[in-house]
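Written out below as structure tokens is the structure these notes cover.
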Amino acid sequence: MKKLVVLSGAGMSAESGISTFRDSNGLWEKYKVEDVATPEAFDRMPEVVLDFYNQRRRQLLECKPNAGHIGLAKLEKDFDVHVITQNVDNLHERAGSSKVLHLHGELMKSCSVNDINTAYDIPPANPDIHIGDKDPYGNQLRPFIVWFGEAVPMIEPAIKIVEQSDILVVIGTSLNVYPAAGLLNYARRGQPVFLIDPKEVNAHRSGIRYIKAGASEGVEKLAELLKEMKEVPANVPL
Ligand code: APR
């Protein structure tokens, strides 16, 4: 089976009702990154940061995967699909995708302030993290999120996955944030790269096949294009 790798961003979950970051009315229009998404913010105002993620976690519990998430999961019938997501929601998994790598952490998990690599599941029935909530070793818990300025431990495994891809599909990301945005450079020259977004995105790479649509409509169009490609004999250049 051909290896189809997806790099998704906030736009993937927009149709599920989750705000993106940089669109109008996006999250970073309402909050300053430095107040809610940096280790310094957590040191300075832990309650504000915990509340920001508690609100996003509660919102996620009200949302469900959209047709784009579901369409990607269905592609596993015909492709070895690996999803690399910048999103911290769990909508890809809830749609049925079986291989999902989170570059920027996971909203439904917590970790210790002293060990950001050991994650603990947060039960939907008790979705908040408060000051005084501790890990088994007595350390304060924090969101299992990669904050600005922190290392992105999953970038190396993500690079390897993209290097081994036959097809790369970029969905719903403005490609503003590195190292995630740099993953495109690891796709082999000449391999098919699709980009699904209702707006123009500067991907700094030639030969990209743009599908100018939202995630739900775009993934449906992608599935049709991939079907046509499968019907073309392998030795005919795409
Ligand atoms: N379907 C597909 N794409 C959409 C949709 C939609 N319905 N609506 C908006 N988009 C596109 C926008 O046009 C934009 O290109 O989704 C993209 C969202 O871009 P950003 O808001 O910048 O989100 P993202 O690229 O995921 O941000 C990357 O930045 O703040 C950090 O850690 C955060 O993971 C995030 C990272």
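Here's how to read the names in the structure tokens: chain A, B, ... by the order shown, residue numbers from 1 in each chain, ligand numbers from 1 in the order shown.
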With the cut-off set at 8 Å and counting only C-alpha atoms and all ligand atoms, tabulate each residue of chain A with an atom at most that distance from an atom of ligand 1, showing the nearest atom pair and its distance in Å to one decimal, ordered by chain and increasing number, as a tab-separated table.
residue	atom	partner	partner_atom_place_in_ligand_line	distance
A:Ser8	CA	ligand 1	26 (O)	7.0
A:Gly9	CA	ligand 1	26 (O)	3.3
A:Ala10	CA	ligand 1	26 (O)	3.8
A:Gly11	CA	ligand 1	16 (O)	3.3
A:Met12	CA	ligand 1	2 (C)	5.1
A:Ser13	CA	ligand 1	7 (N)	7.2
A:Ala14	CA	ligand 1	7 (N)	4.9
A:Glu15	CA	ligand 1	7 (N)	5.2
A:Ser19	CA	ligand 1	21 (O)	7.8
A:Thr20	CA	ligand 1	21 (O)	4.1
A:Phe21	CA	ligand 1	21 (O)	3.4
A:Arg22	CA	ligand 1	21 (O)	3.8
A:Asp23	CA	ligand 1	21 (O)	5.5
A:Gly26	CA	ligand 1	21 (O)	6.6
A:Leu27	CA	ligand 1	21 (O)	7.9
A:Trp28	CA	ligand 1	30 (O)	7.5
A:Val33	CA	ligand 1	30 (O)	7.7
A:Thr85	CA	ligand 1	34 (O)	7.9
A:Gln86	CA	ligand 1	34 (O)	4.2
A:Asn87	CA	ligand 1	34 (O)	5.3
A:Val88	CA	ligand 1	34 (O)	7.4
A:Leu103	CA	ligand 1	34 (O)	7.9
A:His104	CA	ligand 1	32 (O)	6.0
A:Val146	CA	ligand 1	32 (O)	7.5
A:Trp147	CA	ligand 1	32 (O)	7.3
A:Phe148	CA	ligand 1	32 (O)	7.5
A:Ile171	CA	ligand 1	2 (C)	6.0
A:Gly172	CA	ligand 1	3 (N)	3.4
A:Thr173	CA	ligand 1	25 (O)	3.3
A:Ser174	CA	ligand 1	15 (O)	3.6
A:Leu175	CA	ligand 1	25 (O)	5.1
A:Asn176	CA	ligand 1	25 (O)	6.0
A:Val177	CA	ligand 1	28 (C)	5.3
A:Ala180	CA	ligand 1	28 (C)	7.8
A:Ile196	CA	ligand 1	2 (C)	6.3
A:Asp197	CA	ligand 1	3 (N)	4.3
A:Pro198	CA	ligand 1	13 (O)	5.6
A:Lys199	CA	ligand 1	13 (O)	4.7
A:Glu200	CA	ligand 1	13 (O)	7.2
A:Val201	CA	ligand 1	15 (O)	6.0
A:Ala213	CA	ligand 1	1 (N)	6.6
A:Gly214	CA	ligand 1	1 (N)	3.3
A:Ala215	CA	ligand 1	1 (N)	3.9
A:Ser216	CA	ligand 1	1 (N)	7.0
A:Gly218	CA	ligand 1	2 (C)	7.7
Exercise for the section: Write out as a ChimeraX atom specification the residues lying within 8 Å of range 127-138 of chain A, counting only C-alpha atoms and excluding same-chain residues fewer than 4 positions away. Expected result: /A:46-47,50-51,54,57-58,108,110-112,122-123,142-143
Keeping only C-alpha atoms, write those residues as a short mmCIF file (atom, residue, chain, number, x, y, z; two decimals), in the first residue's frame.
data_model
loop_
_atom_site.label_atom_id
_atom_site.label_comp_id
_atom_site.auth_asym_id
_atom_site.auth_seq_id
_atom_site.Cartn_x
_atom_site.Cartn_y
_atom_site.Cartn_z
CA PRO A 46 -0.72 29.43 36.29
CA GLU A 47 -4.45 29.83 36.98
CA LEU A 50 -4.88 26.37 33.28
CA ASP A 51 -8.24 28.10 32.73
CA ASN A 54 -9.74 24.02 30.70
CA ARG A 57 -10.89 21.13 26.72
CA ARG A 58 -14.56 21.65 27.71
CA MET A 108 -7.06 15.50 26.76
CA SER A 110 -1.79 16.32 31.35
CA CYS A 111 1.86 15.97 32.40
CA SER A 112 4.03 16.88 35.36
CA ILE A 122 -7.69 13.49 31.52
CA PRO A 123 -11.14 11.90 32.05
CA ARG A 142 0.07 21.06 33.62
CA PRO A 143 -1.47 20.70 30.15
#
Exercise for the section: Please give the complete set of residues from range 10-217 of chain A that DSSP, run on the backbone, assigns to helix (DSSP H, G or I), formatted as a ChimeraX atom specification. Expected result: /A:10-16,27-30,33-36,39-44,46-62,67-77,91-95,155-163,180-186,215-217
Practice task
Mind the document's chain letters and residue numbers, and return as an MDAnalysis selection string the residues of range 79-172 of chain A that DSSP labels strand (DSSP E or B).
Solution key: chainID A and resid 80:85 100:102 105:112 115:121 134 140:145 167:171
Exercise for the section: Would you kindly return, as a PyMOL selection string, each protein, DNA or RNA residue with an atom no farther than 9 Å from any atom of Leu72 in chain A, considering only C-alpha atoms and excluding same-chain residues fewer than 6 positions away? Expected result: chain A and resi 6+81+83+92+95-97+219-220+223
Restricting the output to N, CA and C atoms, write the selected residues as a compact mmCIF listing (two decimals), in the first residue's frame.
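Resulting contents of selection28.txt:
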# COMPACT_ATOMS: atom_id res chain seq x y z
N VAL A 6 -0.51 12.80 6.09
CA VAL A 6 -1.30 14.03 6.21
C VAL A 6 -0.64 14.94 7.23
N VAL A 81 -2.15 5.20 5.89
CA VAL A 81 -2.31 6.61 6.24
C VAL A 81 -1.65 6.93 7.59
N VAL A 83 -1.26 10.28 10.05
CA VAL A 83 -1.64 11.67 10.29
C VAL A 83 -0.63 12.32 11.24
N HIS A 92 -9.13 13.48 15.05
CA HIS A 92 -8.66 12.48 14.07
C HIS A 92 -8.87 11.07 14.65
N ALA A 95 -12.42 10.03 14.79
CA ALA A 95 -12.99 9.75 13.45
C ALA A 95 -12.56 8.37 12.97
N GLY A 96 -11.56 7.77 13.65
CA GLY A 96 -11.13 6.42 13.28
C GLY A 96 -9.73 6.33 12.70
N SER A 97 -9.01 7.46 12.60
CA SER A 97 -7.62 7.37 12.12
C SER A 97 -6.81 6.58 13.14
N VAL A 219 -11.40 17.00 1.34
CA VAL A 219 -11.01 15.59 1.49
C VAL A 219 -11.81 14.71 0.53
N GLU A 220 -13.07 15.10 0.31
CA GLU A 220 -13.90 14.35 -0.66
C GLU A 220 -13.27 14.46 -2.05
N ALA A 223 -10.11 12.39 -2.27
CA ALA A 223 -10.38 10.94 -2.41
C ALA A 223 -10.67 10.61 -3.88
Completion exercise
From the list A:Arg209, A:Lys109, A:Lys221, A:Lys32, the nearest residue to Ala67 in chain A using only C-alpha atoms is A:Lys221
Exercise for the section: Compile the contact shell of Asn114 in chain A as an MDAnalysis selection string: residues with an atom at most 9 Å away, counting only C-alpha atoms, same-chain residues fewer than 4 positions apart removed. Expected result: chainID A and resid 139:141
Practice task
Check the smallest atom-to-atom distance from each of A:Ala125, A:Ile145, A:Met1, A:Met154 to Lys230 in chain A using only C-alpha atoms, then report the winner.
Solution key: A:Met1
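The shortest atom-to-atom distance to His102 in chain A, with only C-alpha atoms taken into account, belongs to A:Leu7 out of A:Gly149, A:Leu7, A:Gln164, A:Glu76.
CA of Ala187 in chain A is positioned 11.8 Å from CA of Lys3 in chain A.
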Practice task
Would you please work out which residue, of A:Leu61, A:Ile84, A:Leu75, A:Ile70, is nearest to Pro157 in chain A when using only C-alpha atoms?
Solution key: A:Ile84
Give me the residues within 10 Å of Tyr178 in chain A as a CSV table (one decimal) with N, CA, C and O atoms, in the first residue's frame, counting only C-alpha atoms and dropping any in the same chain fewer than 3 places off.
chain,number,residue,atom,x,y,z
A,152,VAL,N,10.0,20.5,20.5
A,152,VAL,CA,9.0,19.7,19.8
A,152,VAL,C,9.5,18.3,19.7
A,152,VAL,O,10.1,17.9,18.7
A,155,ILE,N,9.1,16.0,16.5
A,155,ILE,CA,9.5,16.4,15.2
A,155,ILE,C,10.4,15.4,14.5
A,155,ILE,O,10.2,15.2,13.2
A,175,LEU,N,0.9,27.2,7.7
A,175,LEU,CA,2.3,26.9,7.6
A,175,LEU,C,3.1,28.1,8.2
A,175,LEU,O,4.2,28.5,7.6
A,181,ALA,N,6.0,23.5,10.0
A,181,ALA,CA,5.8,23.9,8.6
A,181,ALA,C,7.0,23.4,7.7
A,181,ALA,O,6.9,23.2,6.5
A,182,GLY,N,8.1,23.2,8.3
A,182,GLY,CA,9.3,22.7,7.6
A,182,GLY,C,9.2,21.3,7.1
A,182,GLY,O,10.0,20.8,6.3
A,183,LEU,N,8.2,20.5,7.6
A,183,LEU,CA,8.1,19.1,7.2
A,183,LEU,C,7.9,19.0,5.7
A,183,LEU,O,8.3,18.0,5.1
